[in-house]
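File shown: work_17.txt (compact mmCIF, C-alpha atoms).
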# COMPACT_ATOMS: atom_id res chain seq x y z
CA MET I 23 0.00 0.00 0.00
CA LYS I 24 1.29 3.44 -0.92
CA ASN I 25 -1.57 5.67 0.06
CA LEU I 26 0.03 8.11 2.47
CA TYR I 27 2.24 9.79 -0.11
CA ARG I 28 -0.67 10.25 -2.51
CA LYS I 29 -2.73 11.87 0.23
CA ILE I 30 -0.20 14.61 0.93
CA THR I 31 0.01 15.94 -2.66
CA LEU I 32 -0.37 19.70 -2.26
CA PHE I 33 -1.65 19.57 1.30
CA GLY I 34 -0.42 22.67 3.04
CA MET I 35 0.79 24.37 -0.13
CA ALA I 36 -2.16 26.73 -0.27
CA ALA I 37 -1.35 27.96 3.21
CA ALA I 38 2.36 28.05 2.48
CA THR I 39 1.95 30.24 -0.57
CA MET I 40 0.20 32.82 1.60
CA LEU I 41 3.55 33.46 3.29
CA ALA I 42 4.89 35.27 0.23
CA VAL I 43 4.54 39.04 0.19
CA SER I 44 2.59 40.83 -2.51
CA CYS I 45 2.79 38.02 -5.05
CA SER I 46 0.01 37.54 -7.59
CA PHE I 47 -1.07 34.53 -9.58
CA GLU I 48 -1.39 34.69 -13.34
CA GLU I 49 -4.05 32.51 -14.95
CA GLN I 50 -4.48 30.63 -11.69
CA VAL I 51 -7.07 27.89 -11.90
CA ASP I 52 -8.21 28.55 -8.34
CA PRO I 53 -6.37 31.26 -6.40
CA ASN I 54 -7.82 29.99 -3.12
CA GLY I 55 -6.63 26.43 -3.67
CA PRO I 56 -3.59 26.02 -5.94
CA SER I 57 -3.78 22.92 -8.09
CA VAL I 58 -1.26 20.80 -9.93
CA ASP I 59 -3.00 21.54 -13.23
CA GLY I 60 -2.71 25.25 -12.58
CA VAL I 61 1.09 25.26 -12.49
CA ALA I 62 2.30 22.06 -14.15
CA SER I 63 2.39 23.63 -17.61
CA GLU I 64 3.35 27.17 -18.65
CA ALA I 65 3.61 28.48 -15.11
CA SER I 66 4.64 32.11 -14.77
CA ILE I 67 7.69 33.23 -12.80
CA GLY I 68 5.28 34.49 -10.14
CA GLN I 69 3.73 31.06 -9.81
CA LEU I 70 7.12 29.36 -9.73
CA ASN I 71 8.23 31.70 -6.98
CA GLU I 72 5.08 30.90 -5.02
CA LEU I 73 6.00 27.23 -5.33
CA VAL I 74 9.45 28.01 -3.93
CA VAL I 75 7.78 29.59 -0.90
CA GLY I 76 5.72 26.43 -0.50
CA VAL I 77 8.82 24.26 -0.67
CA GLU I 78 10.69 26.26 1.94
CA ALA I 79 7.65 26.47 4.22
CA SER I 80 7.02 22.72 4.07
CA PHE I 81 10.77 22.08 4.56
CA ARG I 82 10.04 22.70 8.26
CA ASN I 83 7.31 20.06 8.46
CA GLY I 84 7.77 17.26 10.97
CA LEU I 85 10.76 18.86 12.72
CA ALA I 86 9.31 18.62 16.22
CA ILE I 87 8.26 14.98 15.92
CA GLU I 88 11.56 14.14 14.20
CA THR I 89 13.47 15.61 17.13
CA THR I 90 11.46 14.17 19.98
CA ALA I 91 10.81 10.71 18.53
CA SER I 92 14.37 9.96 17.43
CA GLY I 93 15.74 11.73 20.49
CA THR I 94 13.70 9.48 22.74
CA LEU I 95 14.80 6.33 20.93
CA GLY I 96 18.41 7.50 21.24
CA ARG I 97 18.00 8.20 24.98
CA GLU I 98 18.74 11.89 24.51
CA LEU I 99 15.47 13.19 25.88
CA TYR I 100 11.90 12.49 26.87
CA LEU I 101 8.84 14.42 25.76
CA PHE I 102 6.62 15.01 28.77
CA ASP I 103 3.13 15.77 27.52
CA ALA I 104 -0.37 14.35 27.65
CA ASP I 105 0.31 11.51 25.19
CA PRO I 106 1.54 8.38 27.03
CA ARG I 107 3.04 6.97 23.83
CA ASN I 108 5.93 9.41 24.10
CA THR I 109 7.13 7.84 27.33
CA GLY I 110 5.64 4.40 26.68
CA ASP I 111 5.90 3.19 23.09
CA LEU I 112 9.10 5.02 22.16
CA LEU I 113 10.93 3.62 25.17
CA GLY I 114 9.54 0.11 24.81
CA LYS I 115 7.88 0.25 28.22
CA ASN I 116 7.03 -3.18 29.57
CA GLY I 117 8.14 -4.79 26.31
CA ILE I 118 5.69 -2.88 24.09
CA GLY I 119 6.58 -2.60 20.40
CA LEU I 120 6.43 0.42 18.11
CA ASP I 121 3.19 1.07 16.24
CA ASN I 122 3.54 1.61 12.48
CA ASN I 123 0.28 3.54 12.38
CA SER I 124 0.94 6.03 15.16
CA PHE I 125 1.84 9.73 15.04
CA TYR I 126 5.52 9.04 15.67
CA SER I 127 5.71 6.76 12.62
CA THR I 128 3.62 8.91 10.28
CA GLY I 129 4.43 12.45 11.43
CA GLN I 130 7.96 12.90 10.12
CA TRP I 131 7.34 10.70 7.08
CA ASN I 132 4.26 12.65 6.10
CA GLY I 133 5.88 16.02 6.77
CA SER I 134 9.05 15.33 4.81
CA TYR I 135 7.30 13.79 1.84
CA ARG I 136 4.91 16.73 1.70
CA CYS I 137 7.97 18.89 1.13
CA VAL I 138 9.32 16.41 -1.43
CA LYS I 139 6.00 16.53 -3.27
CA ASN I 140 6.06 20.31 -3.40
CA ALA I 141 9.66 20.25 -4.62
CA ASN I 142 8.80 17.74 -7.35
CA LEU I 143 5.94 19.97 -8.45
CA LEU I 144 8.39 22.88 -8.66
CA ILE I 145 10.69 20.77 -10.84
CA GLU I 146 7.82 19.80 -13.11
CA ALA I 147 6.54 23.37 -13.38
CA ALA I 148 9.97 24.88 -14.04
CA SER I 149 10.72 22.23 -16.66
CA ASN I 150 7.48 22.81 -18.57
CA THR I 151 7.27 26.54 -19.04
CA SER I 152 8.62 29.03 -21.55
CA ALA I 153 8.57 31.81 -18.95
CA VAL I 154 12.14 31.16 -17.77
CA THR I 155 15.52 30.79 -19.41
CA ALA I 156 17.56 27.60 -19.21
CA SER I 157 19.74 29.01 -16.43
CA GLU I 158 16.71 30.21 -14.48
CA GLN I 159 15.17 26.75 -14.80
CA ASN I 160 18.38 25.27 -13.42
CA GLY I 161 18.08 27.53 -10.41
CA TYR I 162 14.61 26.24 -9.58
CA THR I 163 15.40 22.57 -10.22
CA GLY I 164 18.82 22.65 -8.55
CA PHE I 165 17.32 24.14 -5.40
CA ALA I 166 14.39 21.69 -5.42
CA LYS I 167 16.59 18.61 -5.90
CA THR I 168 18.91 19.68 -3.10
CA VAL I 169 15.96 20.03 -0.72
CA ILE I 170 14.58 16.64 -1.80
CA ALA I 171 17.95 15.00 -1.16
CA TYR I 172 18.20 16.53 2.30
CA GLU I 173 14.69 15.35 3.21
CA LEU I 174 15.43 11.83 1.97
CA ILE I 175 18.55 11.72 4.13
CA GLN I 176 16.34 12.46 7.13
CA MET I 177 14.18 9.49 6.12
CA VAL I 178 17.23 7.24 6.06
CA LYS I 179 18.33 8.49 9.46
CA SER I 180 14.97 8.02 11.16
CA TYR I 181 13.60 4.97 9.32
CA GLY I 182 16.68 3.23 7.94
CA GLN I 183 15.17 3.36 4.45
CA ALA I 184 13.43 5.73 2.07
CA ARG I 185 11.18 5.82 -0.94
CA VAL I 186 13.31 7.83 -3.38
CA ASP I 187 11.35 7.67 -6.63
CA VAL I 188 8.15 9.57 -5.87
CA ALA I 189 7.86 12.06 -8.74
CA ASP I 190 4.94 10.11 -10.26
CA GLU I 191 2.48 9.59 -7.44
CA GLU I 192 0.56 7.02 -9.49
CA ASN I 193 3.68 4.93 -10.01
CA LEU I 194 5.79 5.20 -6.88
CA GLY I 195 9.12 3.45 -6.73
CA PRO I 196 9.98 0.91 -4.04
CA ILE I 197 11.23 1.75 -0.58
CA LEU I 198 15.01 1.35 -0.75
CA ASP I 199 17.31 0.14 1.99
CA GLU I 200 19.89 2.53 3.41
CA THR I 201 22.71 1.67 1.00
CA ALA I 202 20.60 1.96 -2.14
CA ALA I 203 18.82 5.06 -0.89
CA LEU I 204 22.06 6.89 -0.10
CA ALA I 205 23.47 5.99 -3.52
CA ALA I 206 20.38 7.42 -5.23
CA ILE I 207 20.46 10.52 -3.02
CA ARG I 208 24.10 11.19 -3.88
CA THR I 209 23.29 10.93 -7.58
CA LEU I 210 20.45 13.41 -7.15
CA LEU I 211 22.76 15.82 -5.32
CA ASP I 212 25.29 15.60 -8.15
CA GLU I 213 22.54 16.40 -10.67
CA ALA I 214 21.52 19.42 -8.64
CA ASN I 215 25.12 20.53 -8.31
CA SER I 216 25.56 20.47 -12.08
CA GLU I 217 22.38 22.47 -12.55
CA LEU I 218 23.35 25.05 -9.94
CA GLY I 219 26.70 25.40 -11.69
CA ASN I 220 24.85 26.98 -14.62
CA ALA I 221 22.00 28.69 -12.83
CA SER I 222 20.44 32.09 -12.30
CA ILE I 223 18.38 32.58 -9.15
CA VAL I 224 15.27 34.70 -9.74
CA PHE I 225 13.37 33.72 -6.60
CA ASN I 226 13.58 34.86 -2.99
CA LEU I 227 14.02 32.73 0.09
CA SER I 228 13.40 33.60 3.73
CA GLU I 229 15.96 35.19 6.03
CA GLY I 230 16.93 31.66 7.06
CA PHE I 231 18.74 31.31 3.73
CA GLU I 232 20.48 34.68 3.99
CA GLY I 233 23.92 34.23 2.50
CA PHE I 234 22.81 31.08 0.68
CA ASP I 235 20.41 32.61 -1.80
CA ASP I 236 22.45 32.94 -4.98
CA ALA I 237 23.67 30.21 -7.33
CA GLY I 238 27.18 30.03 -5.90
CA SER I 239 26.22 29.82 -2.23
CA MET I 240 23.32 27.49 -2.99
CA ARG I 241 25.81 25.23 -4.68
CA GLU I 242 27.94 25.33 -1.52
CA PHE I 243 24.91 24.18 0.45
CA ASN I 244 24.40 21.37 -2.04
CA ARG I 245 28.00 20.23 -1.53
CA ALA I 246 27.60 20.39 2.25
CA VAL I 247 24.63 18.03 2.00
CA ALA I 248 26.66 15.85 -0.37
CA ALA I 249 29.45 15.62 2.22
CA MET I 250 26.93 14.52 4.83
CA ALA I 251 25.55 11.85 2.50
CA ALA I 252 29.06 10.66 1.67
CA VAL I 253 30.13 10.04 5.29
CA TYR I 254 26.84 8.28 5.92
CA ALA I 255 27.74 6.04 2.98
CA GLY I 256 31.21 5.46 4.46
CA ASP I 257 32.97 7.40 1.69
CA GLY I 258 35.53 9.60 3.43
CA SER I 259 37.31 10.72 0.27
CA GLY I 260 34.03 11.68 -1.38
CA ALA I 261 33.02 13.66 1.70
CA LEU I 262 36.32 15.58 1.75
CA SER I 263 35.96 16.42 -1.93
CA ALA I 264 32.45 17.76 -1.35
CA LEU I 265 33.54 19.73 1.71
CA ASN I 266 36.19 21.51 -0.35
CA ASN I 267 33.39 23.03 -2.43
CA SER I 268 31.05 23.81 0.47
CA TYR I 269 31.03 26.53 3.12
CA PHE I 270 33.04 24.32 5.48
CA SER I 271 35.66 26.27 7.42
CA LEU I 272 37.77 24.52 10.04
CA ASN I 273 38.54 27.72 11.90
CA GLY I 274 35.49 29.72 10.82
CA ASP I 275 32.24 30.60 12.52
CA LEU I 276 30.59 27.34 13.58
CA THR I 277 27.09 28.83 13.34
CA VAL I 278 27.23 29.60 9.60
CA GLY I 279 24.72 27.73 7.46
CA PRO I 280 21.12 27.90 6.21
CA LYS I 281 18.38 27.70 8.80
CA HIS I 282 14.67 27.07 9.09
CA ALA I 283 13.02 30.41 9.83
CA PHE I 284 9.81 30.81 11.80
CA GLY I 285 7.22 33.53 12.27
CA ALA I 286 4.34 34.52 14.50
CA GLY I 287 1.84 35.24 11.72
CA GLY I 288 -1.36 33.29 11.41
CA ASN I 289 -0.19 31.54 8.24
CA ASP I 290 3.34 30.87 9.45
CA ALA I 291 4.78 28.28 11.81
CA GLN I 292 6.66 28.50 15.08
CA ASN I 293 9.54 26.41 16.38
CA GLY I 294 7.86 23.31 17.77
CA VAL I 295 10.97 22.22 19.67
CA PHE I 296 11.01 25.33 21.84
CA LYS I 297 9.60 24.83 25.33
CA VAL I 298 8.91 27.49 27.93
CA PRO I 299 11.34 27.15 30.86
CA SER I 300 9.77 25.94 34.07
CA PRO I 301 9.14 28.82 36.49
CA ALA I 302 11.70 29.28 39.24
CA GLY I 303 10.36 28.32 42.63
CA GLY I 304 7.41 26.49 41.13
CA ASP I 305 6.58 22.95 40.15
CA THR I 306 8.22 21.62 37.05
CA ASN I 307 5.85 21.80 34.11
CA ILE I 308 5.86 18.13 33.29
CA GLY I 309 2.76 18.50 31.18
CA ASP I 310 4.58 19.96 28.19
CA ASN I 311 8.34 19.91 28.30
CA ILE I 312 11.37 18.28 26.73
CA ILE I 313 13.32 16.58 29.51
CA VAL I 314 17.03 15.99 28.97
CA HIS I 315 18.14 12.44 29.63
CA PRO I 316 20.27 12.56 32.80
CA ASP I 317 23.05 10.50 31.21
CA TRP I 318 23.66 13.29 28.69
CA VAL I 319 24.45 15.65 31.55
CA ASN I 320 26.20 13.16 33.80
CA ASP I 321 28.45 11.71 31.08
CA ALA I 322 29.76 15.11 29.93
CA GLU I 323 33.33 16.16 30.53
CA ALA I 324 33.79 18.76 33.24
CA GLY I 325 33.62 22.23 31.78
CA ASP I 326 31.79 21.31 28.59
CA ALA I 327 29.96 24.55 27.77
CA ARG I 328 27.42 22.76 25.60
CA VAL I 329 25.69 21.26 28.64
CA ALA I 330 24.83 24.60 30.22
CA ALA I 331 23.97 26.10 26.82
CA LYS I 332 21.47 23.38 25.91
CA SER I 333 20.02 22.26 29.26
CA ALA I 334 19.20 23.45 32.75
CA PRO I 335 18.17 21.83 36.05
CA THR I 336 14.43 21.79 36.65
CA PRO I 337 13.09 23.53 39.77
CA ASP I 338 11.86 20.21 41.14
CA PRO I 339 14.06 17.24 40.16
CA THR I 340 11.70 14.86 41.96
CA ALA I 341 8.86 15.67 39.56
CA SER I 342 8.11 12.70 37.37
CA LEU I 343 5.91 11.31 34.65
CA ASP I 344 5.40 7.63 33.89
CA GLY I 345 8.28 6.69 36.21
CA LEU I 346 10.74 9.09 34.54
CA PHE I 347 12.22 11.94 36.53
CA ALA I 348 12.53 15.50 35.30
CA GLU I 349 16.01 16.49 36.50
CA PHE I 350 17.00 18.61 33.48
CA GLU I 351 15.03 20.36 30.77
CA THR I 352 15.82 21.78 27.35
CA ARG I 353 17.38 25.18 26.67
CA LEU I 354 18.17 24.38 23.06
CA TYR I 355 16.13 27.32 21.73
CA ASP I 356 15.43 30.71 23.27
CA SER I 357 11.99 31.42 21.86
CA PRO I 358 9.25 30.02 19.60
CA LEU I 359 10.77 32.07 16.77
CA SER I 360 14.33 30.79 17.20
CA PRO I 361 15.67 29.42 13.90
CA VAL I 362 16.64 25.76 13.54
CA ASP I 363 19.89 24.93 11.78
CA ILE I 364 19.58 22.92 8.60
CA LEU I 365 23.29 22.22 8.30
CA ARG I 366 25.72 24.52 10.13
CA ASN I 367 29.50 24.67 9.95
CA GLU I 368 29.83 22.96 13.34
CA GLU I 369 28.33 19.82 11.83
CA LEU I 370 30.57 20.19 8.77
CA VAL I 371 33.66 20.25 11.00
CA LEU I 372 32.45 17.02 12.58
CA ILE I 373 31.85 15.59 9.11
CA TYR I 374 35.41 16.66 8.20
CA ALA I 375 36.77 14.81 11.22
CA GLU I 376 34.76 11.69 10.42
CA ALA I 377 35.71 11.80 6.75
CA ASN I 378 39.38 11.95 7.69
CA ILE I 379 38.99 9.01 10.05
CA LEU I 380 37.41 7.04 7.21
CA ALA I 381 40.19 8.12 4.84
CA GLY I 382 42.96 7.31 7.34
CA ASN I 383 44.12 10.90 7.81
CA THR I 384 44.73 10.86 11.56
CA GLY I 385 46.20 14.34 11.91
CA ASN I 386 43.34 16.06 10.13
CA ALA I 387 40.80 14.03 12.06
CA VAL I 388 42.31 15.16 15.37
CA ALA I 389 42.40 18.76 14.14
CA GLY I 390 38.67 18.62 13.45
CA ILE I 391 37.93 17.03 16.81
CA ASN I 392 40.04 19.63 18.62
CA ARG I 393 38.25 22.47 16.85
CA ILE I 394 34.98 21.23 18.31
CA ARG I 395 36.41 20.46 21.73
CA ASN I 396 38.04 23.86 22.03
CA SER I 397 34.85 25.65 20.96
CA ALA I 398 33.10 23.93 23.88
CA GLY I 399 35.77 25.02 26.37
CA LEU I 400 37.58 21.68 26.43
CA SER I 401 41.29 21.02 26.02
CA ASN I 402 42.77 19.15 23.08
CA TYR I 403 42.11 15.45 22.60
CA THR I 404 44.74 13.26 24.28
CA GLY I 405 43.41 9.80 23.50
CA GLY I 406 44.68 7.16 21.11
CA ASN I 407 44.86 7.51 17.35
CA SER I 408 43.44 4.18 16.27
CA THR I 409 40.34 4.23 14.08
CA ALA I 410 38.23 2.83 16.91
CA GLU I 411 39.51 5.35 19.46
CA LEU I 412 39.07 8.32 17.15
CA THR I 413 35.58 7.17 16.18
CA THR I 414 34.60 6.91 19.84
CA GLU I 415 35.77 10.47 20.44
CA LEU I 416 34.07 11.71 17.27
CA LEU I 417 30.74 10.19 18.27
CA ASN I 418 31.04 11.72 21.71
CA GLN I 419 31.59 15.18 20.23
CA ARG I 420 28.63 14.66 17.89
CA ARG I 421 26.56 13.61 20.90
CA TYR I 422 27.08 16.98 22.58
CA SER I 423 27.31 19.32 19.59
CA LEU I 424 24.24 17.88 17.85
CA TRP I 425 22.03 17.06 20.85
CA GLY I 426 18.32 17.17 20.01
CA GLU I 427 18.85 17.40 16.24
CA ASN I 428 18.05 13.85 15.06
CA HIS I 429 21.58 12.47 15.03
CA ARG I 430 22.28 10.30 18.07
CA MET I 431 20.04 7.36 17.22
CA TYR I 432 21.41 7.17 13.69
CA ASP I 433 25.02 7.63 14.74
CA LEU I 434 24.81 4.67 17.09
CA ARG I 435 22.93 2.55 14.57
CA ARG I 436 25.34 3.13 11.70
CA TYR I 437 28.29 2.20 13.92
CA GLY I 438 26.56 -0.83 15.44
CA LEU I 439 26.49 0.69 18.92
CA THR I 440 22.77 0.74 19.67
CA ASN I 441 23.34 -1.90 22.35
CA THR I 442 25.41 0.61 24.34
CA LEU I 443 22.30 2.63 25.20
CA PRO I 444 20.92 2.25 28.76
CA ALA I 445 18.28 -0.40 28.07
CA ASN I 446 17.32 -0.76 31.72
CA GLU I 447 17.31 2.91 32.64
CA PRO I 448 15.34 4.44 34.07
CA ARG I 449 12.79 1.61 34.14
CA PRO I 450 13.50 -2.12 34.15
CA GLY I 451 12.03 -3.77 31.09
CA ASP I 452 12.37 -0.85 28.70
CA GLN I 453 13.42 -1.82 25.19
CA ILE I 454 15.82 -0.18 22.75
CA PHE I 455 14.69 0.60 19.20
CA ASP I 456 17.12 1.94 16.61
CA ARG I 457 14.66 3.28 14.02
CA LEU I 458 11.07 4.30 13.51
CA PRO I 459 8.70 1.95 11.70
CA VAL I 460 7.71 2.84 8.14
CA PRO I 461 4.03 3.84 8.19
CA LEU I 462 1.58 1.04 7.53
CA ALA I 463 0.11 2.78 4.49
CA GLU I 464 3.58 3.01 2.92
CA GLU I 465 4.64 -0.62 3.13
CA ASN I 466 5.70 -2.09 -0.21
Could you express the structure from this file as C-alpha cells?
Amino acid sequence: MKNLYRKITLFGMAAATMLAVSCSFEEQVDPNGPSVDGVASEASIGQLNELVVGVEASFRNGLAIETTASGTLGRELYLFDADPRNTGDLLGKNGIGLDNNSFYSTGQWNGSYRCVKNANLLIEAASNTSAVTASEQNGYTGFAKTVIAYELIQMVKSYGQARVDVADEENLGPILDETAALAAIRTLLDEANSELGNASIVFNLSEGFEGFDDAGSMREFNRAVAAMAAVYAGDGSGALSALNNSYFSLNGDLTVGPKHAFGAGGNDAQNGVFKVPSPAGGDTNIGDNIIVHPDWVNDAEAGDARVAAKSAPTPDPTASLDGLFAEFETRLYDSPLSPVDILRNEELVLIYAEANILAGNTGNAVAGINRIRNSAGLSNYTGGNSTAELTTELLNQRRYSLWGENHRMYDLRRYGLTNTLPANEPRPGDQIFDRLPVPLAEEN
C-alpha cells in the first residue's frame, strides 16, 4: 500500500503560498486552492516563486516529531506531555513494540514527503514553461533537488530506508534500503550541483537562507549536503571532496549555514521544539516539556559549555511522569521564533573529522575534533589515534554538539552501537529501538 504519499500531494501548499509578500497569480485555476494543473504547464515566474515559498515552508514540516521521537529512541530526551506513547511506546515500556500507524511513525514521514512533493511539483513546473531561461530553470530545479535530497537523508536516518522515486504519485518506486537510498540521493545531489553550476536565481528565500540565496552559495549548500551523505555512505574521500566546495571552514564561525526560519503570523509556523522554561520556585511543568536524559548531563566532561547552553536543572528534580524523573530540561532554543539549523559549519567540522577518520588521515581528524572540543571550552584530545579510538571520540563530540537534532540514534545505529544505550534505565524492562517503523500505508 502506498496511500500516504498520494494523500499529501499539495496539502499545506495553499497555506504556504500565503507566506509570500505581494505576489500575484497569473491565470491561476483557483487562487484559493492552488492545483497541480494550474502550475504544471506554462507556469509564470510568479507562480514558480510561489511554489518556492511552499517548498521552503514545508521544509520545516515534521521537525518537532523528528526531534522528539528519534531523540527518545536514542535516549537523549523524553517528551513530557499528555500523550503516554511518548514515554511508553518510544521507550519500549514493559516490552511494548512500536506502532507503524501512530503519530511518531507517520508524522515525520508525512511532513518530509509533503515537502518532497512540493519540490517535485516545482521541478515539473519549471521544466514545462517558456517563462524562464535555461539558467533560471536550473536555479529552480537545482534548489528543489537539493531540498529533496536533504529530506530523503532524514528518512534514512529516522527509518533506515526511504522511498526515493516519488515524482509520479501514481507509479511510486519501491522503498530502498539505506545503501541503495544513499546511492540514489548522492546521484540526485550531483545532478543538482551540475544544474546550480549553470543557474540564475530569480526567486527569494526567507531570512533563514540569507547568505545562501544565490547560485554560488546554494551550490555550496548542495555540496555540504553531499558531504553529509558521503560520510553516511562510508565514503571519506568523497566527503572531503564535497567539503572543499562547500562553506566548510575549520577555523570559521561554527554557526554559519542555512536555517529554518519561523514567524508569529497566522499563516506561518513556530519552532515546535522550543519549550517554555519551568518557572523558578514552582513545580516543574511536566505537562509539556522536553526533559534531557540525565546521562547526557552526567556523562559530559567537566567544563563542557554545551551542557549549560542546551540544558538546565528543573526547579523540582523529583517531579516525574510515567516513572521518569525531570532532573534537566531543554534550553536548546530561546523562543518560539528561534531558527533551527539545517546544516551549520559545526556539523561540517564534525563531518570533516569523520571523513578523515574514514580516509585514514589521523592528523586532520584530530584537528577537526580539537576544533569542536576547544569551541566547547575543552582542552585538546589526548586519546589514542586508532580508528576505533578516534571514532569513539568523534561520536562523543557529535553527541554533545548535535544534541536534540536527530543524530544520536542514527550515529549509534550506523556504527553498530545501539546496544550501548541504557536499556534498563530508568525503568527495568524498557526496550531499545534503533529506528522508527515505516508507516503502515507506505509498506511495499
Gap from atom CA of Ala189 of chain I to atom CA of Ala79 of chain I - Å, one decimal:
19.4 Å
Using only C-alpha atoms, find the one residue out of I:Thr414, I:Leu359, I:Ser401, I:Asn378 that sits nearest to Gly287 of chain I.
I:Leu359
Which protein, DNA or RNA residues have an atom at most 10 Å from (2.4, 17.6, 22.8), counting all atoms listed in the file? List them as a ChimeraX atom specification.
/I:86-87,101-105,108,294,309-312
Grab the atom CA of Tyr135 of chain I to atom CA of Lys332 of chain I distance for me, in Å with one decimal place.
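Spanning atom CA of Tyr135 of chain I to atom CA of Lys332 of chain I is a straight-line distance of 29.5 Å.
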8 Å contact set for segment 178-180 of chain I, only C-alpha atoms, chain neighbours under 3 positions out, as a list of chain:residue names:
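Using only C-alpha atoms, the neighbours found are I:Glu88, I:Ser92, I:Leu174, I:Ile175, I:Gln183, I:Ala184, I:Glu200, I:Ala203, I:Leu204, I:Asn428, I:His429, I:Met431, I:Tyr432, I:Arg457, I:Leu458.
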Write out as a short mmCIF file (atom, residue, chain, number, x, y, z; two decimals) with C-alpha atoms, in the coordinates of the input which residues come within 10 Å of Asn396 of chain I when counting only C-alpha atoms, dropping same-chain ones fewer than 6 positions away.
data_model
loop_
_atom_site.label_atom_id
_atom_site.label_comp_id
_atom_site.auth_asym_id
_atom_site.auth_seq_id
_atom_site.Cartn_x
_atom_site.Cartn_y
_atom_site.Cartn_z
CA ASP I 326 31.79 21.31 28.59
CA ALA I 327 29.96 24.55 27.77
CA ASN I 402 42.77 19.15 23.08
CA TYR I 403 42.11 15.45 22.60
#
Atom completion result for segment 355-361 of chain I (all heavy atoms) as a PDB file, in the coordinates of the input:
ATOM      1  N   TYR I 355      16.582  26.125  22.459  1.00  0.00           N
ATOM      2  CA  TYR I 355      16.130  27.320  21.730  1.00  0.00           C
ATOM      3  C   TYR I 355      15.595  28.347  22.704  1.00  0.00           C
ATOM      4  O   TYR I 355      15.020  28.004  23.740  1.00  0.00           O
ATOM      5  CB  TYR I 355      15.068  26.925  20.705  1.00  0.00           C
ATOM      6  CG  TYR I 355      15.576  25.924  19.694  1.00  0.00           C
ATOM      7  CD1 TYR I 355      15.157  24.592  19.740  1.00  0.00           C
ATOM      8  CD2 TYR I 355      16.510  26.296  18.728  1.00  0.00           C
ATOM      9  CE1 TYR I 355      15.645  23.663  18.828  1.00  0.00           C
ATOM     10  CE2 TYR I 355      17.004  25.369  17.822  1.00  0.00           C
ATOM     11  CZ  TYR I 355      16.573  24.059  17.873  1.00  0.00           C
ATOM     12  OH  TYR I 355      17.072  23.148  16.985  1.00  0.00           O
ATOM     13  N   ASP I 356      15.785  29.611  22.370  1.00  0.00           N
ATOM     14  CA  ASP I 356      15.430  30.710  23.270  1.00  0.00           C
ATOM     15  C   ASP I 356      13.977  31.148  23.188  1.00  0.00           C
ATOM     16  O   ASP I 356      13.437  31.714  24.131  1.00  0.00           O
ATOM     17  CB  ASP I 356      16.320  31.926  23.000  1.00  0.00           C
ATOM     18  CG  ASP I 356      17.782  31.661  23.315  1.00  0.00           C
ATOM     19  OD1 ASP I 356      18.054  30.862  24.234  1.00  0.00           O
ATOM     20  OD2 ASP I 356      18.653  32.249  22.638  1.00  0.00           O
ATOM     21  N   SER I 357      13.352  30.935  22.046  1.00  0.00           N
ATOM     22  CA  SER I 357      11.990  31.420  21.860  1.00  0.00           C
ATOM     23  C   SER I 357      11.291  30.601  20.792  1.00  0.00           C
ATOM     24  O   SER I 357      11.941  29.847  20.055  1.00  0.00           O
ATOM     25  CB  SER I 357      12.001  32.900  21.442  1.00  0.00           C
ATOM     26  OG  SER I 357      12.247  33.035  20.051  1.00  0.00           O
ATOM     27  N   PRO I 358       9.978  30.756  20.655  1.00  0.00           N
ATOM     28  CA  PRO I 358       9.250  30.020  19.600  1.00  0.00           C
ATOM     29  C   PRO I 358       9.597  30.504  18.203  1.00  0.00           C
ATOM     30  O   PRO I 358       9.179  29.882  17.233  1.00  0.00           O
ATOM     31  CB  PRO I 358       7.780  30.280  19.941  1.00  0.00           C
ATOM     32  CG  PRO I 358       7.779  31.515  20.757  1.00  0.00           C
ATOM     33  CD  PRO I 358       9.051  31.504  21.540  1.00  0.00           C
ATOM     34  N   LEU I 359      10.348  31.581  18.081  1.00  0.00           N
ATOM     35  CA  LEU I 359      10.770  32.070  16.770  1.00  0.00           C
ATOM     36  C   LEU I 359      12.244  31.799  16.499  1.00  0.00           C
ATOM     37  O   LEU I 359      12.775  32.216  15.466  1.00  0.00           O
ATOM     38  CB  LEU I 359      10.487  33.575  16.659  1.00  0.00           C
ATOM     39  CG  LEU I 359       9.029  34.004  16.847  1.00  0.00           C
ATOM     40  CD1 LEU I 359       8.884  35.503  16.604  1.00  0.00           C
ATOM     41  CD2 LEU I 359       8.098  33.228  15.928  1.00  0.00           C
ATOM     42  N   SER I 360      12.908  31.108  17.410  1.00  0.00           N
ATOM     43  CA  SER I 360      14.330  30.790  17.200  1.00  0.00           C
ATOM     44  C   SER I 360      14.491  29.915  15.959  1.00  0.00           C
ATOM     45  O   SER I 360      13.757  28.938  15.779  1.00  0.00           O
ATOM     46  CB  SER I 360      14.887  30.047  18.407  1.00  0.00           C
ATOM     47  OG  SER I 360      14.898  30.860  19.554  1.00  0.00           O
ATOM     48  N   PRO I 361      15.456  30.241  15.088  1.00  0.00           N
ATOM     49  CA  PRO I 361      15.670  29.420  13.900  1.00  0.00           C
ATOM     50  C   PRO I 361      16.251  28.054  14.263  1.00  0.00           C
ATOM     51  O   PRO I 361      16.845  27.879  15.333  1.00  0.00           O
ATOM     52  CB  PRO I 361      16.672  30.248  13.091  1.00  0.00           C
ATOM     53  CG  PRO I 361      17.404  31.044  14.115  1.00  0.00           C
ATOM     54  CD  PRO I 361      16.392  31.375  15.176  1.00  0.00           C
TER      55      PRO I 361
END
